[in-house]
$ cat run.cif   # mmCIF, C-alpha atoms
data_coords
loop_
_atom_site.label_atom_id
_atom_site.label_comp_id
_atom_site.auth_asym_id
_atom_site.auth_seq_id
_atom_site.Cartn_x
_atom_site.Cartn_y
_atom_site.Cartn_z
CA MET X 25 -59.02 -59.01 -93.21
CA SER X 26 -59.50 -61.51 -90.37
CA SER X 27 -62.09 -64.29 -90.52
CA TRP X 28 -64.04 -62.50 -87.77
CA GLN X 29 -64.14 -59.27 -89.79
CA VAL X 30 -65.37 -61.19 -92.82
CA LEU X 31 -68.05 -62.90 -90.77
CA ARG X 32 -69.13 -59.58 -89.23
CA GLU X 33 -69.55 -58.00 -92.66
CA LEU X 34 -71.45 -61.00 -93.99
CA LEU X 35 -73.83 -60.87 -91.07
CA SER X 36 -74.19 -57.07 -91.31
CA ILE X 37 -73.75 -56.64 -87.58
CA PRO X 38 -74.75 -53.13 -86.42
CA SER X 39 -71.74 -50.88 -86.04
CA THR X 40 -73.36 -48.45 -83.61
CA ILE X 41 -75.47 -49.90 -80.81
CA ALA X 42 -77.37 -47.71 -78.34
CA ILE X 43 -78.55 -49.17 -75.04
CA ASP X 44 -80.83 -47.02 -72.89
CA GLY X 45 -82.93 -47.64 -69.81
CA PRO X 46 -83.56 -46.55 -66.23
CA ALA X 47 -81.15 -47.02 -63.33
CA GLY X 48 -80.69 -50.66 -62.36
CA SER X 49 -82.00 -52.10 -65.62
CA GLY X 50 -78.67 -53.80 -66.30
CA LYS X 51 -77.45 -51.50 -69.08
CA SER X 52 -73.79 -51.33 -68.08
CA ALA X 53 -73.27 -55.02 -67.34
CA VAL X 54 -75.03 -56.09 -70.53
CA ALA X 55 -73.23 -53.51 -72.67
CA GLN X 56 -69.82 -54.51 -71.34
CA ARG X 57 -70.41 -58.16 -72.17
CA LEU X 58 -71.83 -57.36 -75.57
CA ALA X 59 -68.94 -55.04 -76.43
CA ALA X 60 -66.44 -57.72 -75.36
CA ARG X 61 -68.12 -60.32 -77.57
CA LEU X 62 -68.10 -57.99 -80.58
CA ASN X 63 -64.69 -56.48 -79.83
CA TYR X 64 -66.37 -53.06 -79.78
CA LEU X 65 -65.73 -50.03 -77.59
CA TYR X 66 -67.88 -50.05 -74.46
CA PHE X 67 -68.93 -46.44 -73.92
CA ASP X 68 -70.78 -45.52 -70.74
CA THR X 69 -71.64 -41.91 -71.57
CA GLY X 70 -71.97 -41.03 -67.89
CA VAL X 71 -68.17 -40.80 -67.73
CA MET X 72 -68.36 -37.58 -69.72
CA TYR X 73 -70.30 -35.80 -66.98
CA ARG X 74 -67.95 -37.25 -64.39
CA ALA X 75 -64.95 -35.85 -66.28
CA VAL X 76 -66.46 -32.36 -66.30
CA THR X 77 -67.31 -32.66 -62.61
CA LEU X 78 -63.74 -33.70 -61.79
CA ALA X 79 -62.34 -30.78 -63.77
CA ALA X 80 -64.65 -28.32 -61.99
CA LEU X 81 -63.68 -29.64 -58.57
CA ARG X 82 -59.99 -29.44 -59.40
CA ALA X 83 -60.41 -25.89 -60.66
CA GLY X 84 -62.23 -24.81 -57.52
CA ILE X 85 -65.42 -24.04 -59.44
CA SER X 86 -68.64 -24.32 -57.49
CA ILE X 87 -70.73 -27.17 -58.85
CA ARG X 88 -73.79 -24.96 -58.31
CA ASP X 89 -72.40 -22.28 -60.64
CA GLU X 90 -74.07 -23.44 -63.83
CA ALA X 91 -72.51 -20.75 -66.02
CA ALA X 92 -68.96 -21.50 -64.87
CA VAL X 93 -69.37 -25.26 -65.14
CA SER X 94 -70.90 -24.88 -68.60
CA LEU X 95 -68.01 -22.70 -69.75
CA LEU X 96 -65.55 -25.30 -68.47
CA ALA X 97 -67.43 -28.04 -70.36
CA GLN X 98 -67.12 -26.03 -73.58
CA ASN X 99 -63.35 -25.90 -73.24
CA ILE X 100 -62.51 -29.44 -72.16
CA ARG X 101 -61.69 -32.18 -74.66
CA ILE X 102 -62.82 -35.62 -73.53
CA ASP X 103 -62.17 -38.89 -75.31
CA VAL X 104 -63.18 -42.47 -74.54
CA VAL X 105 -61.10 -45.32 -75.93
CA PRO X 106 -60.64 -49.04 -75.22
CA PRO X 107 -58.78 -49.99 -72.00
CA ALA X 108 -55.19 -48.79 -72.18
CA VAL X 109 -54.12 -50.48 -68.94
CA ALA X 110 -54.94 -53.96 -67.63
CA ASP X 111 -56.14 -52.75 -64.24
CA GLY X 112 -59.78 -53.82 -64.34
CA ARG X 113 -61.08 -50.81 -66.26
CA ALA X 114 -63.78 -51.30 -68.90
CA LEU X 115 -62.67 -48.25 -70.88
CA THR X 116 -60.16 -45.41 -70.74
CA VAL X 117 -61.29 -41.81 -70.21
CA ILE X 118 -58.95 -39.03 -71.30
CA ALA X 119 -59.59 -35.39 -70.40
CA ASP X 120 -57.32 -32.81 -71.99
CA GLY X 121 -54.68 -35.49 -72.52
CA GLU X 122 -54.82 -36.92 -68.97
CA ASP X 123 -56.01 -40.43 -68.12
CA VAL X 124 -58.76 -39.78 -65.55
CA THR X 125 -60.41 -43.20 -65.70
CA TRP X 126 -60.13 -43.86 -61.97
CA ALA X 127 -60.08 -40.25 -60.77
CA ILE X 128 -63.66 -39.73 -61.99
CA ARG X 129 -64.79 -42.58 -59.71
CA SER X 130 -63.92 -40.75 -56.49
CA LYS X 131 -66.54 -40.22 -53.78
CA GLU X 132 -66.27 -36.47 -54.30
CA VAL X 133 -67.21 -36.83 -57.96
CA ASP X 134 -70.01 -39.23 -57.01
CA ALA X 135 -71.45 -36.60 -54.68
CA ASN X 136 -71.36 -33.77 -57.24
CA VAL X 137 -72.03 -35.22 -60.69
CA SER X 138 -75.85 -35.17 -60.56
CA PRO X 139 -76.35 -31.39 -60.86
CA VAL X 140 -73.70 -31.17 -63.58
CA SER X 141 -75.64 -33.65 -65.71
CA THR X 142 -78.77 -31.45 -65.57
CA TYR X 143 -77.19 -28.28 -66.97
CA ARG X 144 -78.53 -27.57 -70.45
CA ARG X 145 -75.31 -26.21 -71.95
CA VAL X 146 -73.22 -28.99 -70.44
CA ARG X 147 -75.53 -31.57 -71.97
CA GLN X 148 -75.41 -29.85 -75.36
CA VAL X 149 -71.63 -29.69 -75.40
CA LEU X 150 -71.10 -33.23 -74.19
CA THR X 151 -73.71 -34.60 -76.56
CA GLU X 152 -71.59 -33.34 -79.44
CA GLN X 153 -68.50 -34.99 -77.97
CA MET X 154 -70.41 -38.25 -77.49
CA ARG X 155 -71.55 -38.13 -81.11
CA ARG X 156 -67.98 -37.62 -82.27
CA ILE X 157 -66.94 -40.79 -80.47
CA GLY X 158 -70.01 -42.80 -81.39
CA ARG X 159 -69.76 -42.04 -85.09
CA ARG X 160 -66.42 -43.79 -85.27
CA GLY X 161 -68.48 -46.99 -85.20
CA ARG X 162 -67.84 -50.35 -83.55
CA VAL X 163 -69.28 -49.02 -80.32
CA VAL X 164 -71.87 -49.97 -77.71
CA MET X 165 -73.10 -46.74 -76.11
CA VAL X 166 -74.94 -46.74 -72.81
CA GLY X 167 -77.07 -44.01 -71.26
CA ARG X 168 -80.58 -42.67 -70.88
CA ASP X 169 -80.95 -40.68 -74.10
CA ILE X 170 -78.58 -42.34 -76.57
CA GLY X 171 -81.20 -43.59 -78.99
CA THR X 172 -83.39 -40.48 -78.71
CA VAL X 173 -80.87 -37.63 -78.58
CA VAL X 174 -77.20 -38.55 -78.69
CA LEU X 175 -77.16 -41.04 -81.54
CA PRO X 176 -80.66 -41.24 -83.06
CA GLU X 177 -79.11 -42.69 -86.23
CA ALA X 178 -77.68 -45.70 -84.33
CA ASP X 179 -77.89 -48.94 -86.30
CA LEU X 180 -79.57 -50.72 -83.38
CA LYS X 181 -81.39 -49.16 -80.43
CA ILE X 182 -82.20 -51.23 -77.38
CA TYR X 183 -84.17 -50.15 -74.32
CA LEU X 184 -83.80 -52.28 -71.21
CA ASP X 185 -86.56 -52.05 -68.63
CA ALA X 186 -87.67 -53.71 -65.39
CA THR X 187 -89.96 -52.92 -62.49
CA VAL X 188 -88.54 -50.42 -60.03
CA GLU X 189 -88.73 -53.05 -57.29
CA THR X 190 -86.58 -55.45 -59.31
CA ARG X 191 -84.07 -52.75 -60.14
CA ALA X 192 -83.84 -51.66 -56.51
CA ARG X 193 -83.28 -55.27 -55.39
CA ARG X 194 -80.46 -55.67 -57.91
CA ARG X 195 -78.79 -52.48 -56.71
CA PHE X 196 -79.23 -53.55 -53.08
CA LEU X 197 -77.50 -56.88 -53.73
CA GLU X 198 -74.68 -55.16 -55.63
CA ASN X 199 -74.16 -52.75 -52.74
CA GLN X 200 -74.13 -55.58 -50.24
CA GLU X 201 -71.30 -57.24 -52.15
CA ARG X 202 -69.34 -53.99 -51.87
CA GLY X 203 -70.00 -53.76 -48.14
CA GLU X 204 -72.33 -50.77 -48.39
CA THR X 205 -75.07 -50.42 -45.77
CA GLN X 206 -77.88 -48.63 -47.60
CA THR X 207 -81.18 -50.44 -47.03
CA TYR X 208 -83.43 -51.79 -49.75
CA ASP X 209 -86.17 -49.29 -48.84
CA GLU X 210 -83.73 -46.39 -49.11
CA ILE X 211 -82.55 -47.58 -52.52
CA LEU X 212 -86.13 -48.09 -53.70
CA ALA X 213 -87.15 -44.59 -52.65
CA ALA X 214 -84.08 -43.05 -54.30
CA MET X 215 -84.67 -45.01 -57.50
CA ARG X 216 -88.31 -43.96 -57.70
CA GLU X 217 -87.23 -40.33 -57.34
CA ARG X 218 -84.52 -40.78 -59.98
CA ASP X 219 -87.08 -42.30 -62.35
CA ARG X 220 -89.41 -39.35 -61.75
CA ILE X 221 -86.68 -36.81 -62.47
CA ASP X 222 -85.31 -38.64 -65.51
CA SER X 223 -88.74 -39.15 -67.08
CA SER X 224 -90.07 -35.64 -66.48
CA ARG X 225 -87.03 -33.44 -67.15
CA ALA X 226 -87.38 -30.90 -69.93
CA ILE X 227 -84.04 -31.81 -71.52
CA ALA X 228 -83.75 -35.30 -73.03
CA PRO X 229 -86.29 -37.11 -70.82
CA LEU X 230 -85.88 -40.85 -70.34
CA ARG X 231 -87.99 -42.74 -72.86
CA PRO X 232 -87.51 -45.44 -75.50
CA ALA X 233 -86.76 -44.25 -79.03
CA ASP X 234 -89.68 -44.86 -81.37
CA ASP X 235 -87.69 -47.57 -83.17
CA ALA X 236 -86.01 -49.06 -80.10
CA ARG X 237 -86.24 -52.77 -79.37
CA ILE X 238 -87.55 -53.06 -75.81
CA VAL X 239 -86.21 -55.87 -73.64
CA GLU X 240 -88.12 -56.48 -70.40
CA THR X 241 -85.58 -57.76 -67.89
CA THR X 242 -87.69 -58.16 -64.75
CA ALA X 243 -87.80 -61.96 -64.95
CA LEU X 244 -84.31 -62.39 -66.42
CA GLU X 245 -80.91 -62.88 -64.84
CA LEU X 246 -77.92 -61.16 -66.41
CA GLU X 247 -77.05 -63.98 -68.79
CA GLY X 248 -80.65 -64.11 -69.97
CA VAL X 249 -80.58 -60.41 -70.79
CA VAL X 250 -77.25 -60.77 -72.60
CA THR X 251 -78.68 -63.63 -74.65
CA ALA X 252 -81.78 -61.60 -75.57
CA VAL X 253 -79.70 -58.59 -76.62
CA ASN X 254 -77.22 -60.75 -78.51
CA ARG X 255 -80.12 -62.24 -80.46
CA LEU X 256 -81.20 -58.75 -81.55
CA VAL X 257 -77.69 -57.96 -82.76
CA PHE X 258 -77.43 -61.05 -84.93
CA GLU X 259 -81.00 -61.42 -86.16
#

$ encode --input "run.cif" --output "structure tokens"
Amino acid sequence: MSSWQVLRELLSIPSTIAIDGPAGSGKSAVAQRLAARLNYLYFDTGVMYRAVTLAALRAGISIRDEAAVSLLAQNIRIDVVPPAVADGRALTVIADGEDVTWAIRSKEVDANVSPVSTYRRVRQVLTEQMRRIGRRGRVVMVGRDIGTVVLPEADLKIYLDATVETRARRRFLENQERGETQTYDEILAAMRERDRIDSSRAIAPLRPADDARIVETTALELEGVVTAVNRLVFE
């Protein structure tokens, strides 16, 4: 056993960490850094819905055909593992034995994944697959319902939050760096609508788990959020 493994056991570091929060709260960036520090798997659960969307598009299934997409989701095997290739990826996504890590990031998948993520049966099926991966341990899972639905038994549940204006500004600056032209007002309006949908949906609405540790990130830069979350892990 390495000295790090000994230290981890002595400190009783949580093995399963759930990080939830609304769009733009910093979940992904914080989780990636935390997972790297702990040598854990970074697991953005949104990749599961992207993998199903990609499979549906490739099969010529209409994204609006809920029954067909749900049936496909029942029959696809998705796994998420640490990066298998040093090409900038944060994780590796495998669907039915194929590495689809970059394929699920296409513009076509971007444009079609939202309805897929709302289908009740798809969510049920993928939740079970997420649990299978999460229960291996040594994982930082990111989403909107990890602590409440996917992994309610997680050792540590964290909910990141910030004002919608702050989150929209962060997304606007990120988009600018990528050369995208969407205005701040457009992003703000879209984020408010996303918040409304996520918080009011009948299936797994966005909310903190009752035992989640809430971290308000409005006044914090990324490193400040990472520090606050790291403190919760090691306290």

$ residues_near_point --input "run.cif" --point "(-76.2, -55.4, -82.7)" --cutoff "10 Å" --atoms "only C-alpha atoms" --output "mmCIF file with C-alpha atoms, in the frame of the given file"
data_model
loop_
_atom_site.group_PDB
_atom_site.id
_atom_site.type_symbol
_atom_site.label_atom_id
_atom_site.label_comp_id
_atom_site.auth_asym_id
_atom_site.auth_seq_id
_atom_site.Cartn_x
_atom_site.Cartn_y
_atom_site.Cartn_z
ATOM 1 C CA SER X 36 -74.190 -57.070 -91.310
ATOM 2 C CA ILE X 37 -73.750 -56.640 -87.580
ATOM 3 C CA PRO X 38 -74.750 -53.130 -86.420
ATOM 4 C CA SER X 39 -71.740 -50.880 -86.040
ATOM 5 C CA THR X 40 -73.360 -48.450 -83.610
ATOM 6 C CA ILE X 41 -75.470 -49.900 -80.810
ATOM 7 C CA ALA X 42 -77.370 -47.710 -78.340
ATOM 8 C CA LEU X 58 -71.830 -57.360 -75.570
ATOM 9 C CA ALA X 59 -68.940 -55.040 -76.430
ATOM 10 C CA LEU X 62 -68.100 -57.990 -80.580
ATOM 11 C CA ARG X 162 -67.840 -50.350 -83.550
ATOM 12 C CA VAL X 163 -69.280 -49.020 -80.320
ATOM 13 C CA VAL X 164 -71.870 -49.970 -77.710
ATOM 14 C CA ALA X 178 -77.680 -45.700 -84.330
ATOM 15 C CA ASP X 179 -77.890 -48.940 -86.300
ATOM 16 C CA LEU X 180 -79.570 -50.720 -83.380
ATOM 17 C CA LYS X 181 -81.390 -49.160 -80.430
ATOM 18 C CA ILE X 182 -82.200 -51.230 -77.380
ATOM 19 C CA VAL X 253 -79.700 -58.590 -76.620
ATOM 20 C CA ASN X 254 -77.220 -60.750 -78.510
ATOM 21 C CA ARG X 255 -80.120 -62.240 -80.460
ATOM 22 C CA LEU X 256 -81.200 -58.750 -81.550
ATOM 23 C CA VAL X 257 -77.690 -57.960 -82.760
ATOM 24 C CA PHE X 258 -77.430 -61.050 -84.930
ATOM 25 C CA GLU X 259 -81.000 -61.420 -86.160
#

$ closest_residue --input "run.cif" --among "X:Gly248, X:Gly70, X:Gly84, X:Pro229" --to "X:Ser141" --atoms "all atoms listed in the file"
X:Gly70

$ resolve_selection --input "run.cif" --expression "the PyMOL selection byres ((chain X and resi 158) around 12)" --output "PDB file with C-alpha atoms, in the frame of the given file"
ATOM      1  CA  SER X  39     -71.740 -50.880 -86.040  1.00  0.00           C
ATOM      2  CA  THR X  40     -73.360 -48.450 -83.610  1.00  0.00           C
ATOM      3  CA  ILE X  41     -75.470 -49.900 -80.810  1.00  0.00           C
ATOM      4  CA  ALA X  42     -77.370 -47.710 -78.340  1.00  0.00           C
ATOM      5  CA  TYR X  64     -66.370 -53.060 -79.780  1.00  0.00           C
ATOM      6  CA  LEU X  65     -65.730 -50.030 -77.590  1.00  0.00           C
ATOM      7  CA  TYR X  66     -67.880 -50.050 -74.460  1.00  0.00           C
ATOM      8  CA  PHE X  67     -68.930 -46.440 -73.920  1.00  0.00           C
ATOM      9  CA  ASP X  68     -70.780 -45.520 -70.740  1.00  0.00           C
ATOM     10  CA  THR X  69     -71.640 -41.910 -71.570  1.00  0.00           C
ATOM     11  CA  ASP X 103     -62.170 -38.890 -75.310  1.00  0.00           C
ATOM     12  CA  VAL X 104     -63.180 -42.470 -74.540  1.00  0.00           C
ATOM     13  CA  VAL X 105     -61.100 -45.320 -75.930  1.00  0.00           C
ATOM     14  CA  THR X 151     -73.710 -34.600 -76.560  1.00  0.00           C
ATOM     15  CA  GLU X 152     -71.590 -33.340 -79.440  1.00  0.00           C
ATOM     16  CA  GLN X 153     -68.500 -34.990 -77.970  1.00  0.00           C
ATOM     17  CA  MET X 154     -70.410 -38.250 -77.490  1.00  0.00           C
ATOM     18  CA  ARG X 155     -71.550 -38.130 -81.110  1.00  0.00           C
ATOM     19  CA  ARG X 156     -67.980 -37.620 -82.270  1.00  0.00           C
ATOM     20  CA  ILE X 157     -66.940 -40.790 -80.470  1.00  0.00           C
ATOM     21  CA  ARG X 159     -69.760 -42.040 -85.090  1.00  0.00           C
ATOM     22  CA  ARG X 160     -66.420 -43.790 -85.270  1.00  0.00           C
ATOM     23  CA  GLY X 161     -68.480 -46.990 -85.200  1.00  0.00           C
ATOM     24  CA  ARG X 162     -67.840 -50.350 -83.550  1.00  0.00           C
ATOM     25  CA  VAL X 163     -69.280 -49.020 -80.320  1.00  0.00           C
ATOM     26  CA  VAL X 164     -71.870 -49.970 -77.710  1.00  0.00           C
ATOM     27  CA  MET X 165     -73.100 -46.740 -76.110  1.00  0.00           C
ATOM     28  CA  VAL X 166     -74.940 -46.740 -72.810  1.00  0.00           C
ATOM     29  CA  ILE X 170     -78.580 -42.340 -76.570  1.00  0.00           C
ATOM     30  CA  GLY X 171     -81.200 -43.590 -78.990  1.00  0.00           C
ATOM     31  CA  VAL X 174     -77.200 -38.550 -78.690  1.00  0.00           C
ATOM     32  CA  LEU X 175     -77.160 -41.040 -81.540  1.00  0.00           C
ATOM     33  CA  PRO X 176     -80.660 -41.240 -83.060  1.00  0.00           C
ATOM     34  CA  GLU X 177     -79.110 -42.690 -86.230  1.00  0.00           C
ATOM     35  CA  ALA X 178     -77.680 -45.700 -84.330  1.00  0.00           C
ATOM     36  CA  ASP X 179     -77.890 -48.940 -86.300  1.00  0.00           C
TER      37      ASP X 179
END

$ resolve_selection --input "run.cif" --expression "the PyMOL selection byres ((chain X and resi 244) around 12)" --output "PDB file with C-alpha atoms, in the frame of the given file"
ATOM      1  CA  SER X  49     -82.000 -52.100 -65.620  1.00  0.00           C
ATOM      2  CA  GLY X  50     -78.670 -53.800 -66.300  1.00  0.00           C
ATOM      3  CA  VAL X  54     -75.030 -56.090 -70.530  1.00  0.00           C
ATOM      4  CA  LEU X 184     -83.800 -52.280 -71.210  1.00  0.00           C
ATOM      5  CA  ASP X 185     -86.560 -52.050 -68.630  1.00  0.00           C
ATOM      6  CA  ALA X 186     -87.670 -53.710 -65.390  1.00  0.00           C
ATOM      7  CA  THR X 187     -89.960 -52.920 -62.490  1.00  0.00           C
ATOM      8  CA  THR X 190     -86.580 -55.450 -59.310  1.00  0.00           C
ATOM      9  CA  ARG X 191     -84.070 -52.750 -60.140  1.00  0.00           C
ATOM     10  CA  ARG X 194     -80.460 -55.670 -57.910  1.00  0.00           C
ATOM     11  CA  VAL X 239     -86.210 -55.870 -73.640  1.00  0.00           C
ATOM     12  CA  GLU X 240     -88.120 -56.480 -70.400  1.00  0.00           C
ATOM     13  CA  THR X 241     -85.580 -57.760 -67.890  1.00  0.00           C
ATOM     14  CA  THR X 242     -87.690 -58.160 -64.750  1.00  0.00           C
ATOM     15  CA  ALA X 243     -87.800 -61.960 -64.950  1.00  0.00           C
ATOM     16  CA  GLU X 245     -80.910 -62.880 -64.840  1.00  0.00           C
ATOM     17  CA  LEU X 246     -77.920 -61.160 -66.410  1.00  0.00           C
ATOM     18  CA  GLU X 247     -77.050 -63.980 -68.790  1.00  0.00           C
ATOM     19  CA  GLY X 248     -80.650 -64.110 -69.970  1.00  0.00           C
ATOM     20  CA  VAL X 249     -80.580 -60.410 -70.790  1.00  0.00           C
ATOM     21  CA  VAL X 250     -77.250 -60.770 -72.600  1.00  0.00           C
ATOM     22  CA  THR X 251     -78.680 -63.630 -74.650  1.00  0.00           C
ATOM     23  CA  ALA X 252     -81.780 -61.600 -75.570  1.00  0.00           C
ATOM     24  CA  VAL X 253     -79.700 -58.590 -76.620  1.00  0.00           C
TER      25      VAL X 253
END

$ resolve_selection --input "run.cif" --expression "the PyMOL selection byres ((chain X and resi 207-222) around 8)" --output "NGL selection string"
:X and (46-47 or 188-189 or 192-193 or 195-196 or 205-206 or 223-225 or 229-230)

$ residues_near_point --input "run.cif" --point "(-67.1, -52.8, -69.6)" --cutoff "8 Å" --atoms "all atoms listed in the file" --output "ChimeraX atom specification"
/X:52-53,55-57,59-60,66-67,113-115

$ residues_around --input "run.cif" --residues "X:Val124" --least-positions-apart "6" --cutoff "10 Å" --atoms "only C-alpha atoms" --output "list in words"
Val71, Arg74, Ala75, Leu78, Ala79, Ile102, Thr116, Val117 and Ile118 of chain X

$ atom_distance --input "run.cif" --atom1 "atom CA of X:Asp120" --atom2 "atom CA of X:Arg101"
5.2 Å

$ atom_distance --input "run.cif" --atom1 "atom CA of X:Arg82" --atom2 "atom CA of X:Ala119"
12.5 Å

$ closest_residue --input "run.cif" --among "X:Ser94, X:Glu204, X:Arg168, X:Asp89" --to "X:Gly45" --atoms "only C-alpha atoms"
X:Arg168

$ residues_around --input "run.cif" --residues "X:Gln98" --least-positions-apart "4" --cutoff "9 Å" --atoms "all atoms listed in the file" --output "PyMOL selection string"
chain X and resi 93-94+145-146+149-150

$ atom_distance --input "run.cif" --atom1 "atom CA of X:Ile87" --atom2 "atom CA of X:Val140"
6.9 Å

$ residues_around --input "run.cif" --residues "X:Val173" --least-positions-apart "4" --cutoff "9 Å" --atoms "only C-alpha atoms" --output "MDAnalysis selection string"
chainID X and resid 151 169 228 233

$ closest_residue --input "run.cif" --among "X:Thr172, X:Asn136, X:Thr142, X:Gln148" --to "X:Ser86" --atoms "all atoms listed in the file"
X:Asn136

$ decode --input "run.cif" --residues "stretch 56-67 of chain X" --atoms "N, CA, C and O atoms" --output "CSV table (one decimal), in the first residue's frame"
chain,number,residue,atom,x,y,z
X,56,GLN,N,-13.4,18.3,-11.6
X,56,GLN,CA,-12.2,17.8,-12.3
X,56,GLN,C,-10.9,18.0,-11.4
X,56,GLN,O,-10.1,17.1,-11.3
X,57,ARG,N,-10.8,19.2,-10.8
X,57,ARG,CA,-9.6,19.5,-10.0
X,57,ARG,C,-9.6,18.7,-8.7
X,57,ARG,O,-8.6,18.2,-8.3
X,58,LEU,N,-10.8,18.5,-8.1
X,58,LEU,CA,-10.9,17.7,-6.9
X,58,LEU,C,-10.5,16.2,-7.2
X,58,LEU,O,-9.7,15.6,-6.5
X,59,ALA,N,-11.0,15.7,-8.3
X,59,ALA,CA,-10.8,14.3,-8.7
X,59,ALA,C,-9.3,14.1,-9.0
X,59,ALA,O,-8.7,13.1,-8.6
X,60,ALA,N,-8.7,15.1,-9.6
X,60,ALA,CA,-7.2,15.0,-9.9
X,60,ALA,C,-6.4,15.0,-8.6
X,60,ALA,O,-5.4,14.2,-8.5
X,61,ARG,N,-6.8,15.8,-7.7
X,61,ARG,CA,-6.1,15.9,-6.4
X,61,ARG,C,-6.2,14.5,-5.6
X,61,ARG,O,-5.2,14.1,-5.0
X,62,LEU,N,-7.3,13.9,-5.7
X,62,LEU,CA,-7.6,12.7,-5.0
X,62,LEU,C,-7.2,11.4,-5.7
X,62,LEU,O,-7.2,10.3,-5.2
X,63,ASN,N,-6.9,11.6,-7.0
X,63,ASN,CA,-6.7,10.5,-7.9
X,63,ASN,C,-7.9,9.6,-8.0
X,63,ASN,O,-7.9,8.4,-8.0
X,64,TYR,N,-9.1,10.3,-8.1
X,64,TYR,CA,-10.4,9.7,-8.3
X,64,TYR,C,-10.9,9.8,-9.7
X,64,TYR,O,-10.3,10.6,-10.5
X,65,LEU,N,-11.9,9.0,-10.1
X,65,LEU,CA,-12.5,9.2,-11.4
X,65,LEU,C,-13.4,10.4,-11.3
X,65,LEU,O,-14.2,10.6,-10.4
X,66,TYR,N,-13.2,11.3,-12.3
X,66,TYR,CA,-14.1,12.4,-12.5
X,66,TYR,C,-15.3,11.9,-13.4
X,66,TYR,O,-15.0,11.4,-14.5
X,67,PHE,N,-16.5,12.0,-13.0
X,67,PHE,CA,-17.6,11.4,-13.7
X,67,PHE,C,-18.7,12.5,-13.9
X,67,PHE,O,-19.5,12.7,-13.0
